[in-house]
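Engineer: Below you'll find input02.txt; it's compact mmCIF, C-alpha atoms and all ligand atoms.
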# COMPACT_ATOMS: atom_id res chain seq x y z
CA ARG A 1365 -39.24 -111.44 16.23
CA GLN A 1366 -36.66 -109.64 18.30
CA ALA A 1367 -36.40 -112.67 20.56
CA ALA A 1368 -35.80 -114.89 17.54
CA TYR A 1369 -33.00 -112.61 16.35
CA ALA A 1370 -31.45 -112.57 19.79
CA ALA A 1371 -31.45 -116.36 20.13
CA LEU A 1372 -29.40 -116.78 16.98
CA ARG A 1373 -27.31 -113.68 17.26
CA GLU A 1374 -24.31 -115.44 18.68
CA VAL A 1375 -24.53 -118.48 16.41
CA GLU A 1376 -21.64 -118.64 13.97
CA PRO A 1377 -22.70 -119.81 10.51
CA ARG A 1378 -20.34 -122.73 10.02
CA THR A 1379 -21.25 -125.92 8.18
CA LYS A 1380 -20.82 -129.41 9.64
CA ASP A 1381 -17.66 -129.81 7.59
CA GLY A 1382 -16.26 -126.56 8.95
CA GLU A 1383 -16.90 -124.09 6.12
CA ARG A 1384 -17.56 -120.58 7.40
CA ILE A 1385 -20.39 -118.95 5.46
CA THR A 1386 -20.33 -115.16 5.58
CA ILE A 1387 -23.83 -113.79 6.11
CA MET A 1388 -24.31 -110.04 5.78
CA VAL A 1389 -27.39 -107.85 5.60
CA ASN A 1390 -28.82 -105.52 2.99
CA ALA A 1391 -29.70 -102.03 4.18
CA GLY A 1392 -30.44 -98.58 2.83
CA LEU A 1393 -31.55 -96.29 5.62
CA ARG A 1394 -30.07 -95.19 8.90
CA ASP A 1395 -32.81 -97.10 10.71
CA ASP A 1396 -31.74 -100.38 9.09
CA VAL A 1397 -28.32 -100.33 10.69
CA PRO A 1398 -29.27 -101.60 14.19
CA MET A 1399 -30.29 -104.84 12.44
CA LEU A 1400 -26.62 -105.58 11.97
CA ASN A 1401 -26.10 -106.08 15.67
CA MET A 1402 -29.54 -107.52 16.34
CA THR A 1403 -28.92 -110.33 13.89
CA GLY A 1404 -25.21 -110.77 14.57
CA ALA A 1405 -24.57 -110.57 10.82
CA ASP A 1406 -21.02 -110.23 9.48
CA GLY A 1407 -21.51 -106.80 7.96
CA ILE A 1408 -23.62 -104.82 5.50
CA GLY A 1409 -23.04 -106.43 2.13
CA LEU A 1410 -25.23 -103.98 0.24
CA PHE A 1411 -26.04 -100.46 1.37
CA ARG A 1412 -28.44 -99.03 -1.21
CA THR A 1413 -27.44 -95.35 -1.16
CA GLU A 1414 -30.28 -94.34 -3.46
CA PHE A 1415 -32.76 -94.72 -0.61
CA GLN A 1416 -31.66 -91.39 0.82
CA PHE A 1417 -32.28 -89.84 -2.59
CA LEU A 1418 -35.67 -91.51 -2.93
CA VAL A 1419 -36.96 -90.26 0.42
CA SER A 1420 -35.73 -86.70 -0.13
CA ALA A 1421 -37.74 -83.94 -1.74
CA THR A 1422 -34.58 -82.39 -3.14
CA LEU A 1423 -31.20 -83.73 -4.17
CA PRO A 1424 -29.33 -84.63 -0.94
CA GLN A 1425 -26.38 -82.27 -0.70
CA ARG A 1426 -22.89 -83.49 0.05
CA ASP A 1427 -22.95 -82.77 3.75
CA ARG A 1428 -26.15 -84.78 4.22
CA GLN A 1429 -24.72 -87.70 2.29
CA THR A 1430 -21.48 -87.58 4.26
CA ARG A 1431 -23.37 -87.53 7.55
CA LEU A 1432 -25.41 -90.58 6.63
CA TYR A 1433 -22.41 -92.60 5.44
CA ARG A 1434 -20.39 -91.65 8.52
CA ASP A 1435 -23.26 -92.60 10.84
CA VAL A 1436 -23.58 -95.97 9.12
CA LEU A 1437 -19.85 -96.68 9.36
CA GLU A 1438 -19.78 -95.65 13.00
CA ALA A 1439 -22.76 -97.83 13.86
CA ALA A 1440 -21.20 -100.78 12.04
CA GLY A 1441 -17.99 -100.49 14.07
CA ASP A 1442 -15.46 -103.08 12.96
CA LYS A 1443 -17.85 -104.79 10.57
CA PRO A 1444 -17.54 -104.00 6.88
CA VAL A 1445 -20.10 -101.92 4.99
CA VAL A 1446 -20.36 -102.08 1.21
CA PHE A 1447 -21.78 -98.86 -0.21
CA ARG A 1448 -23.38 -99.14 -3.59
CA THR A 1449 -23.36 -95.93 -5.58
CA VAL A 1450 -26.78 -94.64 -6.56
CA ASP A 1451 -29.03 -96.90 -8.58
CA ILE A 1452 -31.56 -94.32 -9.66
CA GLY A 1453 -33.27 -93.65 -12.94
CA GLY A 1454 -35.53 -96.03 -14.74
CA ASP A 1455 -38.36 -96.93 -12.40
CA LYS A 1456 -36.66 -95.21 -9.45
CA SER A 1457 -36.91 -91.84 -11.13
CA LEU A 1458 -36.55 -88.69 -9.08
CA PRO A 1459 -38.68 -85.64 -9.83
CA TYR A 1460 -35.76 -83.31 -9.08
CA LEU A 1461 -33.47 -85.12 -11.50
CA ARG A 1462 -35.78 -84.74 -14.46
CA GLY A 1463 -36.03 -81.95 -16.96
CA ASP A 1464 -32.43 -81.97 -18.03
CA ASP A 1465 -32.56 -85.14 -20.09
CA ASP A 1466 -34.06 -85.32 -23.52
CA GLY A 1467 -37.58 -85.32 -22.15
CA LEU A 1468 -38.22 -88.89 -23.19
CA ASP A 1469 -39.38 -91.46 -20.71
CA ASP A 1470 -37.67 -94.81 -20.74
CA GLU A 1471 -39.98 -97.33 -22.33
CA ASN A 1472 -38.16 -100.14 -20.56
CA PRO A 1473 -36.98 -98.49 -17.39
CA ALA A 1474 -35.15 -101.53 -16.00
CA MET A 1475 -33.06 -101.60 -19.16
CA GLY A 1476 -32.90 -97.86 -19.47
CA TRP A 1477 -30.87 -94.89 -18.40
CA ARG A 1478 -30.29 -95.91 -14.78
CA ALA A 1479 -27.66 -96.64 -12.17
CA LEU A 1480 -24.07 -96.27 -13.39
CA ARG A 1481 -25.26 -95.32 -16.87
CA LEU A 1482 -26.94 -92.25 -15.45
CA ALA A 1483 -24.28 -91.54 -12.83
CA LEU A 1484 -21.43 -91.50 -15.35
CA GLU A 1485 -23.27 -88.89 -17.40
CA ARG A 1486 -24.44 -86.84 -14.42
CA GLU A 1487 -20.88 -86.30 -13.37
CA GLY A 1488 -21.74 -83.76 -10.65
CA LEU A 1489 -23.88 -86.35 -8.90
CA MET A 1490 -21.23 -89.02 -9.03
CA LYS A 1491 -18.45 -86.66 -7.92
CA ALA A 1492 -20.49 -85.45 -4.96
CA GLN A 1493 -21.23 -88.98 -3.89
CA ALA A 1494 -17.62 -90.05 -4.30
CA ARG A 1495 -16.42 -87.12 -2.19
CA SER A 1496 -19.03 -87.83 0.48
CA LEU A 1497 -18.05 -91.48 0.72
CA LEU A 1498 -14.32 -90.72 0.78
CA GLU A 1499 -14.75 -88.12 3.51
CA ALA A 1500 -17.08 -90.30 5.56
CA ALA A 1501 -14.60 -93.18 5.47
CA ALA A 1502 -11.58 -91.12 6.59
CA GLY A 1503 -9.25 -93.37 8.55
CA ARG A 1504 -11.24 -96.50 7.69
CA THR A 1505 -11.72 -98.94 4.86
CA LEU A 1506 -14.14 -97.79 2.16
CA ASN A 1507 -15.88 -100.57 0.25
CA VAL A 1508 -17.67 -99.15 -2.75
CA MET A 1509 -19.42 -100.93 -5.58
CA PHE A 1510 -21.01 -99.86 -8.81
CA PRO A 1511 -24.43 -101.10 -9.95
CA MET A 1512 -25.38 -102.31 -13.44
CA VAL A 1513 -21.84 -102.49 -14.80
CA SER A 1514 -22.31 -103.86 -18.32
CA GLU A 1515 -18.80 -103.48 -19.74
CA PRO A 1516 -15.42 -103.19 -17.97
CA TRP A 1517 -14.80 -99.60 -19.14
CA GLU A 1518 -17.78 -98.45 -17.07
CA PHE A 1519 -16.09 -99.76 -13.95
CA ASP A 1520 -12.86 -97.98 -14.95
CA ALA A 1521 -14.70 -94.72 -15.51
CA ALA A 1522 -16.52 -94.93 -12.17
CA LYS A 1523 -13.32 -95.75 -10.32
CA GLU A 1524 -11.63 -92.79 -12.01
CA VAL A 1525 -14.25 -90.43 -10.55
CA PHE A 1526 -13.34 -91.71 -7.07
CA GLU A 1527 -9.61 -91.56 -7.72
CA SER A 1528 -9.76 -87.95 -8.88
CA GLN A 1529 -11.79 -86.97 -5.82
CA LEU A 1530 -9.23 -88.79 -3.70
CA GLU A 1531 -6.48 -86.77 -5.36
CA PHE A 1532 -8.39 -83.58 -4.63
CA LEU A 1533 -8.74 -84.47 -0.95
CA ARG A 1534 -5.09 -85.41 -0.78
CA SER A 1535 -4.07 -82.04 -2.25
CA ARG A 1536 -6.14 -80.38 0.48
CA ARG A 1537 -4.37 -82.48 3.09
CA LYS A 1538 -7.63 -84.03 4.25
CA MET A 1539 -7.68 -87.29 6.11
CA LEU A 1540 -8.20 -90.12 3.62
CA PRO A 1541 -9.61 -93.63 3.89
CA GLU A 1542 -7.02 -96.14 5.03
CA GLN A 1543 -7.92 -98.40 2.16
CA ILE A 1544 -10.38 -98.30 -0.74
CA ARG A 1545 -11.81 -101.51 -2.12
CA TYR A 1546 -13.64 -101.21 -5.42
CA GLY A 1547 -16.21 -103.76 -6.51
CA ALA A 1548 -18.74 -104.29 -9.27
CA MET A 1549 -22.20 -105.73 -9.30
CA LEU A 1550 -22.94 -108.44 -11.77
CA GLU A 1551 -26.51 -107.76 -12.84
CA VAL A 1552 -26.18 -107.61 -16.61
CA PRO A 1553 -25.56 -111.01 -18.20
CA ALA A 1554 -23.18 -109.56 -20.81
CA LEU A 1555 -20.67 -108.77 -18.08
CA ALA A 1556 -20.33 -112.46 -17.27
CA GLU A 1557 -18.68 -113.03 -20.66
CA VAL A 1558 -15.90 -110.57 -19.91
CA LEU A 1559 -15.34 -111.27 -16.23
CA ASP A 1560 -11.80 -112.41 -17.00
CA VAL A 1561 -11.11 -108.85 -18.17
CA LEU A 1562 -12.80 -107.15 -15.24
CA ALA A 1563 -11.93 -109.43 -12.33
CA PRO A 1564 -8.22 -108.47 -12.05
CA LYS A 1565 -9.31 -104.87 -11.41
CA LEU A 1566 -11.77 -105.75 -8.66
CA SER A 1567 -11.48 -106.24 -4.93
CA PHE A 1568 -14.83 -107.99 -4.94
CA LEU A 1569 -17.83 -108.95 -7.03
CA SER A 1570 -21.43 -108.91 -5.88
CA ILE A 1571 -24.10 -110.72 -7.84
CA GLY A 1572 -27.41 -108.86 -7.95
CA THR A 1573 -29.68 -111.74 -8.76
CA ASN A 1574 -32.86 -109.64 -8.81
CA ASP A 1575 -31.79 -107.80 -11.93
CA LEU A 1576 -29.63 -110.59 -13.26
CA THR A 1577 -32.46 -113.11 -13.34
CA GLN A 1578 -34.92 -110.68 -14.86
CA PHE A 1579 -32.45 -110.13 -17.68
CA LEU A 1580 -31.62 -113.81 -18.07
CA PHE A 1581 -35.27 -114.73 -18.50
CA ALA A 1582 -36.34 -111.43 -20.09
CA ALA A 1583 -38.98 -111.33 -17.37
CA ASP A 1584 -39.83 -108.10 -15.57
CA ARG A 1585 -39.08 -108.60 -11.88
CA SER A 1586 -42.05 -106.46 -10.84
CA ASN A 1587 -44.69 -108.00 -13.07
CA PRO A 1588 -46.98 -110.15 -10.90
CA LYS A 1589 -48.06 -112.17 -13.94
CA LEU A 1590 -44.51 -113.46 -14.24
CA ALA A 1591 -43.67 -113.79 -10.57
CA GLU A 1592 -44.36 -117.53 -10.40
CA ARG A 1593 -43.33 -118.42 -13.88
CA TYR A 1594 -39.56 -118.69 -13.71
CA ASP A 1595 -37.92 -120.31 -10.76
CA TRP A 1596 -34.65 -119.09 -9.27
CA LEU A 1597 -33.92 -122.78 -8.94
CA SER A 1598 -34.07 -123.37 -12.68
CA PRO A 1599 -31.18 -125.10 -14.45
CA SER A 1600 -30.45 -121.98 -16.52
CA ILE A 1601 -29.99 -119.75 -13.51
CA MET A 1602 -28.13 -122.39 -11.52
CA ARG A 1603 -25.74 -123.21 -14.35
CA PHE A 1604 -25.17 -119.52 -15.00
CA MET A 1605 -24.39 -118.90 -11.34
CA ARG A 1606 -22.09 -121.91 -11.23
CA ARG A 1607 -20.13 -120.64 -14.20
CA VAL A 1608 -19.72 -117.18 -12.68
CA ILE A 1609 -18.70 -118.52 -9.27
CA ARG A 1610 -16.14 -120.84 -10.85
CA SER A 1611 -14.72 -118.26 -13.21
CA ILE A 1612 -14.24 -115.84 -10.31
CA ASP A 1613 -12.64 -118.51 -8.18
CA VAL A 1614 -9.35 -118.36 -10.11
CA HIS A 1615 -9.02 -114.64 -9.38
CA ALA A 1616 -9.25 -115.12 -5.62
CA ILE A 1617 -11.63 -112.24 -5.03
CA ASP A 1618 -14.71 -112.27 -2.81
CA VAL A 1619 -17.94 -113.10 -4.52
CA THR A 1620 -21.22 -112.42 -2.77
CA VAL A 1621 -24.86 -112.85 -3.77
CA CYS A 1622 -26.82 -109.79 -2.64
CA GLY A 1623 -30.13 -110.38 -4.44
CA GLU A 1624 -33.25 -111.59 -2.67
CA MET A 1625 -32.74 -115.21 -3.64
CA GLY A 1626 -29.82 -115.45 -1.20
CA GLY A 1627 -32.19 -114.99 1.72
CA ARG A 1628 -34.37 -117.96 0.80
CA ARG A 1629 -33.45 -121.25 2.41
CA LEU A 1630 -33.45 -123.57 -0.58
CA GLU A 1631 -31.90 -121.01 -2.88
CA ALA A 1632 -29.11 -120.36 -0.37
CA LEU A 1633 -28.58 -124.09 0.01
CA ALA A 1634 -28.30 -124.48 -3.76
CA LEU A 1635 -25.88 -121.55 -4.04
CA ILE A 1636 -23.66 -123.00 -1.33
CA GLY A 1637 -23.73 -126.22 -3.33
CA LEU A 1638 -22.39 -124.23 -6.30
CA GLY A 1639 -19.44 -123.02 -4.21
CA LEU A 1640 -20.75 -119.69 -2.96
CA ARG A 1641 -19.64 -118.76 0.56
CA ARG A 1642 -20.92 -115.20 0.98
CA LEU A 1643 -24.48 -113.92 1.11
CA SER A 1644 -25.97 -110.50 1.78
CA ILE A 1645 -29.63 -110.80 2.61
CA THR A 1646 -32.67 -109.25 4.20
CA PRO A 1647 -32.18 -109.07 8.00
CA ALA A 1648 -35.18 -111.28 8.80
CA ALA A 1649 -33.55 -114.15 6.93
CA VAL A 1650 -30.26 -114.12 8.86
CA GLY A 1651 -31.41 -116.31 11.77
CA PRO A 1652 -33.11 -118.98 9.64
CA LEU A 1653 -30.10 -119.15 7.32
CA LYS A 1654 -27.62 -119.46 10.16
CA GLU A 1655 -29.65 -122.37 11.48
CA MET A 1656 -29.67 -124.06 8.11
CA VAL A 1657 -25.97 -123.53 7.44
CA CYS A 1658 -25.07 -125.29 10.69
CA LYS A 1659 -26.93 -128.40 9.53
CA ILE A 1660 -25.37 -128.90 6.12
CA ASP A 1661 -22.28 -130.61 4.81
CA THR A 1662 -20.98 -128.69 1.80
CA ARG A 1663 -19.44 -131.80 0.24
CA GLU A 1664 -22.84 -133.47 0.17
CA ILE A 1665 -24.74 -130.55 -1.29
CA THR A 1666 -21.98 -129.91 -3.84
CA ALA A 1667 -22.18 -133.49 -5.08
CA ALA A 1668 -25.98 -133.36 -5.22
CA MET A 1669 -25.99 -130.10 -7.21
CA GLU A 1670 -23.46 -131.54 -9.66
CA ARG A 1671 -25.68 -134.55 -10.20
CA TRP A 1672 -28.87 -132.53 -10.56
CA LEU A 1673 -27.34 -130.07 -13.02
CA ALA A 1674 -25.43 -132.56 -15.17
CA ASP A 1675 -28.64 -133.90 -16.64
CA PRO A 1676 -31.09 -131.36 -15.27
CA VAL A 1677 -33.83 -132.80 -13.15
CA PRO A 1678 -37.25 -131.49 -14.13
CA ASP A 1679 -37.92 -130.20 -10.65
CA LEU A 1680 -34.77 -129.04 -8.91
CA ARG A 1681 -36.82 -127.35 -6.21
CA GLY A 1682 -38.55 -130.63 -5.42
CA SER A 1683 -35.22 -132.46 -5.31
CA LEU A 1684 -33.80 -129.88 -2.90
CA ILE A 1685 -36.87 -130.10 -0.67
CA SER A 1686 -36.59 -133.90 -0.40
CA TRP A 1687 -32.83 -133.70 0.10
CA ALA A 1688 -33.27 -131.21 2.94
CA GLU A 1689 -36.13 -133.13 4.55
CA GLU A 1690 -34.19 -136.38 4.56
CA ARG A 1691 -31.48 -134.63 6.56
CA GLY A 1692 -33.79 -132.78 8.93
CA ILE A 1693 -32.76 -129.42 7.47
C1 LIG B 1701 -30.25 -106.91 -7.47
O1 LIG B 1701 -30.56 -106.48 -8.58
O2 LIG B 1701 -30.23 -108.13 -7.18
C2 LIG B 1701 -29.88 -105.99 -6.39
C3 LIG B 1701 -29.39 -106.42 -5.25
O3 LIG B 1701 -30.11 -104.65 -6.60
P1 LIG B 1701 -31.57 -104.00 -6.50
O4 LIG B 1701 -32.50 -105.04 -5.96
O5 LIG B 1701 -31.44 -102.81 -5.61
O6 LIG B 1701 -31.85 -103.64 -7.91
MG MG B 1702 -30.22 -104.40 -9.04
Give the structure from the file, written as structure tokens.
Structural biologist:
Amino acid sequence: RQAAYAALREVEPRTKDGERITIMVNAGLRDDVPMLNMTGADGIGLFRTEFQFLVSATLPQRDRQTRLYRDVLEAAGDKPVVFRTVDIGGDKSLPYLRGDDDGLDDENPAMGWRALRLALEREGLMKAQARSLLEAAAGRTLNVMFPMVSEPWEFDAAKEVFESQLEFLRSRRKMLPEQIRYGAMLEVPALAEVLDVLAPKLSFLSIGTNDLTQFLFAADRSNPKLAERYDWLSPSIMRFMRRVIRSIDVHAIDVTVCGEMGGRRLEALALIGLGLRRLSITPAAVGPLKEMVCKIDTREITAAMERWLADPVPDLRGSLISWAEERGI
């Protein structure tokens, strides 16, 4: 596997018609970071900060968080890292965070008190993470994004926590990040309806298709009985993604897909056909996707997707497979 990574490490993901596709990796632990250089990816598009919390027996204190974030930034060098604030709660519940809520378990953890919903109420947690990230990124660019934003005010409130910590550090004459870029994850379908309100406040948007698709189909992403039932390549998901990508286009901000579907060949091909140019994926998928990207012409796949979605073909996956085979992709 290492040899396969190495062979494609230097390959630049550019389509036949010259479109550069940005391919980044998803990570969450210190040990994941070497993958960035092994794969030659463009950066870390999703760093899941909750992993450190999940592998700890006690709440990671600020200094431990800062150390991890600084190590990750140092290892990434000039390449960007997007830190996602903790997505805990729900099914990623932490024993040491319990006992101070109302004692009730979430009946639907995925739709429950998790991620930003929890972080905005556990202000100490959010403040500590904000301070750790700001300190770790001193002198650099800090890219931070918030998970499970459902309404624009939640983004505003989360950003405010960072801005007040920034003010605190400034008053102490600490070294600050050179630049802070704030982003939101689109995982809750309701947010798509108010993207015009949110987008002007964002530096970037990242689409978390794992949660987004489970909410679109009301189908638990971890239920094996449903795993095969709804296809990522269904007209509903594809049309939804197309609408989001187009509506963001007018705001000229980066839009990335960081859910698992982005790492699958046909899904990535379809997303590129919808206009997407940035993916953050599992490291093992970087090489295969680079190879594929170099073989496609975006004008061709864009026209094909338009045709297939205008009057939805019953089997979009089948159409994509034939399309790719005919072109030796
Ligand atoms: C997603 O929901 O697509 C996502 C990237 O976040 P996670 O898988 O960590 O919930
Ligand atoms: Mg998610």
Engineer: Box for ligand LIG 1701 (chain B) - axis-aligned, 3 Å on each of the six sides, all listed atoms - centre and size in Å to one decimal, as AutoDock Vina command-line options.
Structural biologist:
--center_x -30.9 --center_y -105.5 --center_z -6.9 --size_x 9.1 --size_y 11.3 --size_z 9.3
Engineer: Using all atoms listed in the file, which residues have at least one atom no more than 8 Å from ligand LIG 1701 (chain B)? Output them as a PyMOL selection string.
Structural biologist: chain A and resi 1410+1412+1451+1511+1551+1571-1576+1621-1624
Engineer: From the options A:Glu1655, A:Glu1527, A:Glu1414, A:Asp1442, which residue's atoms come nearest to ligand MG 1702 (chain B), counting all atoms listed in the file?
Structural biologist: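 Ranking A:Glu1655, A:Glu1527, A:Glu1414, A:Asp1442 by distance to ligand MG 1702 (chain B), first place goes to A:Glu1414.
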Engineer: Using all atoms listed in the file, which protein or nucleic acid residues come within 8 Å of Pro1553 (chain A)? Drop anything in the same chain fewer than 4 positions from it, and give the result as a list of chain:residue names.
Structural biologist: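 My reading of the contact set: A:Ser1514, A:Glu1557, A:Leu1576, A:Phe1579, A:Leu1580.
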Engineer: Go through A:Ala1688, A:Val1436, A:Leu1680, A:Met1475 one by one, measure the shortest atom-to-atom distance of each to ligand MG 1702 (chain B) using only C-alpha atoms and all ligand atoms, and give the residue with the smallest value.
Structural biologist: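 Of A:Ala1688, A:Val1436, A:Leu1680, A:Met1475, the one nearest ligand MG 1702 (chain B), counting only C-alpha atoms and all ligand atoms, is A:Met1475.
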